[in-house]
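Data block below; observations after.
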Amino acid sequence: MATILGFTILKPAHILFVNLITDSLPALSLGMEKAEADIMKRRPRDPKEGIFSGGVGFNVFYQGLMSTLLTLAAFFIGERIENGVWRIGESVEGMTMAFLTLSMSQIFHSYNMRSQYGSILGIKNQNYYLIGSMLLSLALTAAVIYVPFLREVFGFAQISLGEYFIAMALAVMVIPIVEVVKLFQRRKRSRQSK
């Protein structure tokens with residue numbers, strides 16, 4: 001999206017970091033998740049259906065769009081704080097906030113992935129592997145922003161505490177957004193099963 005609009009929001013090293021650190025640890029942790037209680041009551045998937053059937057394609061689309069918009073919002077807010085104007089341009093603070101929002105939104109989104117349609121508020125058991133991977137990812141992400149030599153390697157700015165909390169607040173938004181969509185999906189599935 002940023003490329004289409006004509007500016008750089010993240011560098012290749014930033015995207016690699018997000019993929020290696022914030023995606024791998026939660027993915028492994030989700031593999032340790034206990035099966036949902038009603039899994040044996042569900043009808044099996046039709047083997048002729050595609051991988052994006054059953055609402056998966058819609059989920060991929062809207063969740064990707066959600067991450068894009070939150071990351072762009074973080075960039076523009078950071079750019080506004082750094083330059084004092086709303087514009088499309090180069091901003092180190094915007095890039096740093098966008099990186100933080102994207103990487104941490106992936107961590108928070110891993111909680112959403114504990115159940116495809118069920119609310120995370122209804123999950124009784126805790127996945128301590130996921131909690132541990134979240135804390136480790138949070139520490140590693142903070143390190144590349146606040147440890148001077150790492151910050152220099154990644155080309156980030158040392159953002160203020162206020163900017164950090166704005167970026168984190170945007171990242172956390174993935175949880176309530178997905179919870180609302182899941183609520184509508186559950187209602188739709190409930191009507192279809194009657």
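Starting from 1 in every chain, residues are counted up; chains themselves are A, B, ... following the order of the structure tokens, and ligands are numbered from 1 as listed.
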
Handout entry: All alpha helix (DSSP H) positions in stretch 52-119 of chain A, as a ChimeraX atom specification
Key = /A:56-83,92-112

Per residue of stretch 26-73 of chain A within 9 Å of stretch 92-108 of chain A, note the shortest atom pair and the distance in Å to one decimal, counting only C-alpha atoms, and order the rows by chain and increasing residue number, as a tab-separated table.
residue	atom	partner	partner_atom	distance
A:Pro26	CA	A:Ile107	CA	6.8
A:Ser67	CA	A:Leu102	CA	6.8
A:Thr68	CA	A:Leu102	CA	8.2
A:Leu70	CA	A:Thr101	CA	7.2
A:Thr71	CA	A:Ala98	CA	4.9
A:Leu72	CA	A:Ala98	CA	6.6
A:Ala73	CA	A:Ala98	CA	7.8

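With distances restricted to only C-alpha atoms, A:Met66 is the closest residue to A:Val178 from A:Met66, A:Ile21, A:Leu161, A:Ile145.
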
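Taking atom CA of A:Phe75 and atom CA of A:Leu136 as endpoints, the distance between them is 24.0 Å.
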
Exercise for the section: Rank nothing, just name the residue among A:Phe17, A:Tyr117, A:Phe7, A:Tyr62 nearest to A:Phe76, using only C-alpha atoms. Expected result: A:Phe7

Problem - Selection near A:Ser119, 12 Å with only C-alpha atoms, sequence-local residues under 5 positions removed, as a count of residues only - result: 18

Problem - Surrounding residues of stretch 128-134 of chain A excluding itself and chain neighbours under 3 positions, 9 Å, only C-alpha atoms, as a PyMOL selection string - result: chain A and resi 22+25-30+32-33+104+107-108+110-111+137-139

Can I get the selection written as a compact mmCIF listing (two decimals), in the first residue's frame, with N, CA, C and O atoms?
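The file below, result-v9.txt, is the result:
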# COMPACT_ATOMS: atom_id res chain seq x y z
N THR A 22 8.28 -12.00 15.20
CA THR A 22 6.92 -11.89 15.72
C THR A 22 5.95 -12.89 15.10
O THR A 22 4.86 -13.07 15.63
N LEU A 25 7.54 -17.22 16.61
CA LEU A 25 7.32 -17.61 18.00
C LEU A 25 5.83 -17.82 18.33
O LEU A 25 5.47 -18.86 18.89
N PRO A 26 4.96 -16.89 17.97
CA PRO A 26 3.53 -17.14 18.23
C PRO A 26 2.98 -18.32 17.44
O PRO A 26 2.14 -19.06 17.95
N ALA A 27 3.46 -18.54 16.22
CA ALA A 27 2.98 -19.67 15.43
C ALA A 27 3.33 -21.00 16.12
O ALA A 27 2.50 -21.90 16.20
N LEU A 28 4.55 -21.09 16.61
CA LEU A 28 4.94 -22.30 17.34
C LEU A 28 4.11 -22.45 18.61
O LEU A 28 3.70 -23.56 18.97
N SER A 29 3.86 -21.34 19.27
CA SER A 29 3.07 -21.38 20.51
C SER A 29 1.62 -21.78 20.24
O SER A 29 1.02 -22.50 21.04
N LEU A 30 1.07 -21.33 19.12
CA LEU A 30 -0.30 -21.72 18.77
C LEU A 30 -0.39 -23.21 18.48
O LEU A 30 -1.43 -23.82 18.67
N MET A 32 0.85 -25.35 20.26
CA MET A 32 0.70 -25.98 21.58
C MET A 32 -0.68 -25.74 22.19
O MET A 32 -0.96 -26.17 23.30
N GLU A 33 -1.54 -25.06 21.44
CA GLU A 33 -2.89 -24.75 21.92
C GLU A 33 -3.71 -26.02 22.08
O GLU A 33 -3.66 -26.92 21.25
N MET A 104 3.71 -5.64 16.76
CA MET A 104 2.93 -5.99 17.95
C MET A 104 1.49 -6.36 17.61
O MET A 104 0.87 -7.16 18.30
N ILE A 107 1.46 -9.96 17.20
CA ILE A 107 1.49 -10.67 18.49
C ILE A 107 0.09 -10.70 19.09
O ILE A 107 -0.40 -11.74 19.52
N PHE A 108 -0.57 -9.54 19.14
CA PHE A 108 -1.92 -9.50 19.71
C PHE A 108 -2.89 -10.32 18.87
O PHE A 108 -3.80 -10.95 19.40
N SER A 110 -2.29 -13.02 17.38
CA SER A 110 -2.12 -14.45 17.66
C SER A 110 -3.12 -14.90 18.72
O SER A 110 -3.56 -16.06 18.72
N TYR A 111 -3.51 -14.01 19.63
CA TYR A 111 -4.55 -14.36 20.60
C TYR A 111 -5.89 -14.60 19.91
O TYR A 111 -6.65 -15.48 20.29
N SER A 137 8.75 -11.49 22.24
CA SER A 137 8.62 -10.66 21.04
C SER A 137 8.55 -9.18 21.41
O SER A 137 9.13 -8.33 20.73
N LEU A 138 7.83 -8.88 22.48
CA LEU A 138 7.74 -7.49 22.96
C LEU A 138 9.13 -6.97 23.34
O LEU A 138 9.51 -5.85 22.97
N ALA A 139 9.89 -7.78 24.05
CA ALA A 139 11.24 -7.38 24.48
C ALA A 139 12.16 -7.18 23.27
O ALA A 139 12.91 -6.20 23.20

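Atom to atom, atom CA of A:Gly78 and atom CA of A:Gly64 stand 21.2 Å apart.
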
Fill in the blank from the handout: Using only C-alpha atoms, the residue out of A:Asn127, A:Leu170, A:Gly6, A:Gln116 with shortest distance to A:Arg87 is A:Gly6

Practice task
Go ahead and compute the interatomic distance for atom CA of A:Val172 and atom CA of A:Glu152, in Å to one decimal.
Solution key: 26.6 Å

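For A:Arg151, the non-local neighbours within 12 Å, defined as residues at least 4 positions apart in the same chain or in other chains and counting only C-alpha atoms, are His14, Val92, Glu93, Thr96, Leu140, Thr141, Ala142, Ala143, Val144, Ile145, Tyr146, Val147, Gly155, Phe156, Ala157, Gln158 and Ile159 of chain A.
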
Selection file, all heavy atoms, as a tab-separated table (two decimals), in the first residue's frame:
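And here is the file that came out, again07.tsv:
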chain	number	residue	atom	x	y	z
A	14	HIS	N	13.13	-4.56	8.22
A	14	HIS	CA	12.02	-4.45	9.17
A	14	HIS	C	11.01	-5.56	8.94
A	14	HIS	O	10.53	-6.20	9.89
A	14	HIS	CB	11.32	-3.10	9.05
A	14	HIS	CG	12.24	-1.94	9.20
A	14	HIS	ND1	11.95	-0.70	8.69
A	14	HIS	CD2	13.46	-1.82	9.79
A	14	HIS	CE1	12.93	0.14	8.97
A	14	HIS	NE2	13.87	-0.53	9.63
A	92	VAL	N	11.19	9.14	9.92
A	92	VAL	CA	11.82	8.09	10.72
A	92	VAL	C	10.94	7.73	11.91
A	92	VAL	O	10.79	6.55	12.25
A	92	VAL	CB	13.24	8.52	11.18
A	92	VAL	CG1	13.88	7.44	12.03
A	92	VAL	CG2	14.11	8.82	9.99
A	93	GLU	N	10.33	8.73	12.54
A	93	GLU	CA	9.44	8.43	13.67
A	93	GLU	C	8.20	7.69	13.19
A	93	GLU	O	7.73	6.75	13.84
A	93	GLU	CB	9.04	9.72	14.40
A	93	GLU	CG	10.17	10.27	15.24
A	93	GLU	CD	9.76	11.46	16.10
A	93	GLU	OE1	8.58	11.54	16.48
A	93	GLU	OE2	10.64	12.28	16.38
A	96	THR	N	9.20	4.14	12.54
A	96	THR	CA	9.40	3.42	13.80
A	96	THR	C	8.06	3.05	14.42
A	96	THR	O	7.86	1.91	14.87
A	96	THR	CB	10.22	4.28	14.79
A	96	THR	OG1	11.43	4.68	14.15
A	96	THR	CG2	10.53	3.52	16.06
A	140	LEU	N	12.11	-8.10	22.31
A	140	LEU	CA	12.97	-7.99	21.13
A	140	LEU	C	12.60	-6.79	20.28
A	140	LEU	O	13.47	-6.08	19.76
A	140	LEU	CB	12.90	-9.28	20.31
A	140	LEU	CG	13.52	-10.52	20.95
A	140	LEU	CD1	13.19	-11.77	20.16
A	140	LEU	CD2	15.02	-10.34	21.08
A	141	THR	N	11.30	-6.53	20.16
A	141	THR	CA	10.84	-5.37	19.39
A	141	THR	C	11.26	-4.07	20.07
A	141	THR	O	11.72	-3.13	19.41
A	141	THR	CB	9.31	-5.44	19.20
A	141	THR	OG1	8.97	-6.66	18.55
A	141	THR	CG2	8.81	-4.28	18.35
A	142	ALA	N	11.10	-4.01	21.38
A	142	ALA	CA	11.53	-2.81	22.12
A	142	ALA	C	13.04	-2.63	22.01
A	142	ALA	O	13.53	-1.49	21.91
A	142	ALA	CB	11.11	-2.92	23.59
A	143	ALA	N	13.79	-3.73	21.99
A	143	ALA	CA	15.26	-3.65	21.91
A	143	ALA	C	15.72	-2.98	20.61
A	143	ALA	O	16.63	-2.15	20.63
A	143	ALA	CB	15.88	-5.04	22.03
A	144	VAL	N	15.09	-3.32	19.49
A	144	VAL	CA	15.54	-2.72	18.22
A	144	VAL	C	15.15	-1.25	18.11
A	144	VAL	O	15.69	-0.53	17.27
A	144	VAL	CB	15.04	-3.50	16.97
A	144	VAL	CG1	15.57	-4.92	16.97
A	144	VAL	CG2	13.54	-3.47	16.85
A	145	ILE	N	14.26	-0.80	18.99
A	145	ILE	CA	13.89	0.62	18.99
A	145	ILE	C	14.69	1.40	20.03
A	145	ILE	O	15.09	2.55	19.78
A	145	ILE	CB	12.37	0.78	19.26
A	145	ILE	CG1	11.58	0.18	18.10
A	145	ILE	CG2	12.00	2.24	19.46
A	145	ILE	CD1	10.08	0.11	18.34
A	146	TYR	N	14.99	0.80	21.16
A	146	TYR	CA	15.58	1.55	22.27
A	146	TYR	C	17.05	1.25	22.57
A	146	TYR	O	17.69	2.01	23.28
A	146	TYR	CB	14.73	1.39	23.53
A	146	TYR	CG	13.40	2.09	23.38
A	146	TYR	CD1	12.23	1.37	23.21
A	146	TYR	CD2	13.32	3.48	23.38
A	146	TYR	CE1	11.01	2.01	23.04
A	146	TYR	CE2	12.12	4.13	23.21
A	146	TYR	CZ	10.97	3.39	23.04
A	146	TYR	OH	9.76	4.03	22.86
A	147	VAL	N	17.61	0.15	22.09
A	147	VAL	CA	19.04	-0.12	22.27
A	147	VAL	C	19.78	0.62	21.15
A	147	VAL	O	19.53	0.34	19.97
A	147	VAL	CB	19.34	-1.64	22.24
A	147	VAL	CG1	20.83	-1.89	22.27
A	147	VAL	CG2	18.62	-2.35	23.39
A	155	GLY	N	17.76	1.72	11.57
A	155	GLY	CA	17.40	3.04	11.07
A	155	GLY	C	16.15	3.62	11.72
A	155	GLY	O	15.38	4.34	11.08
A	156	PHE	N	15.95	3.33	12.99
A	156	PHE	CA	14.78	3.81	13.71
A	156	PHE	C	15.11	5.08	14.49
A	156	PHE	O	16.26	5.41	14.73
A	156	PHE	CB	14.26	2.75	14.70
A	156	PHE	CG	13.60	1.58	14.04
A	156	PHE	CD1	13.85	0.29	14.49
A	156	PHE	CD2	12.73	1.75	12.98
A	156	PHE	CE1	13.23	-0.80	13.89
A	156	PHE	CE2	12.12	0.67	12.38
A	156	PHE	CZ	12.37	-0.61	12.83
A	157	ALA	N	14.04	5.74	14.93
A	157	ALA	CA	14.16	6.88	15.83
A	157	ALA	C	13.84	6.40	17.24
A	157	ALA	O	13.09	5.43	17.41
A	157	ALA	CB	13.17	7.98	15.43
A	158	GLN	N	14.39	7.06	18.23
A	158	GLN	CA	14.02	6.75	19.62
A	158	GLN	C	12.73	7.50	19.89
A	158	GLN	O	12.74	8.68	20.18
A	158	GLN	CB	15.10	7.15	20.61
A	158	GLN	CG	14.72	6.77	22.03
A	158	GLN	CD	15.87	6.97	22.99
A	158	GLN	OE1	17.02	6.99	22.62
A	158	GLN	NE2	15.54	7.09	24.26
A	159	ILE	N	11.62	6.80	19.78
A	159	ILE	CA	10.32	7.45	19.94
A	159	ILE	C	10.03	7.69	21.43
A	159	ILE	O	10.56	7.00	22.29
A	159	ILE	CB	9.19	6.63	19.29
A	159	ILE	CG1	9.13	5.21	19.84
A	159	ILE	CG2	9.34	6.63	17.78
A	159	ILE	CD1	7.97	4.38	19.33

Problem - Spatial neighbours of stretch 39-49 of chain A, 12 Å, only C-alpha atoms, chain gap at least 5 places, as number ranges by chain - result: A: 34, 54-57, 115-118, 189, 193
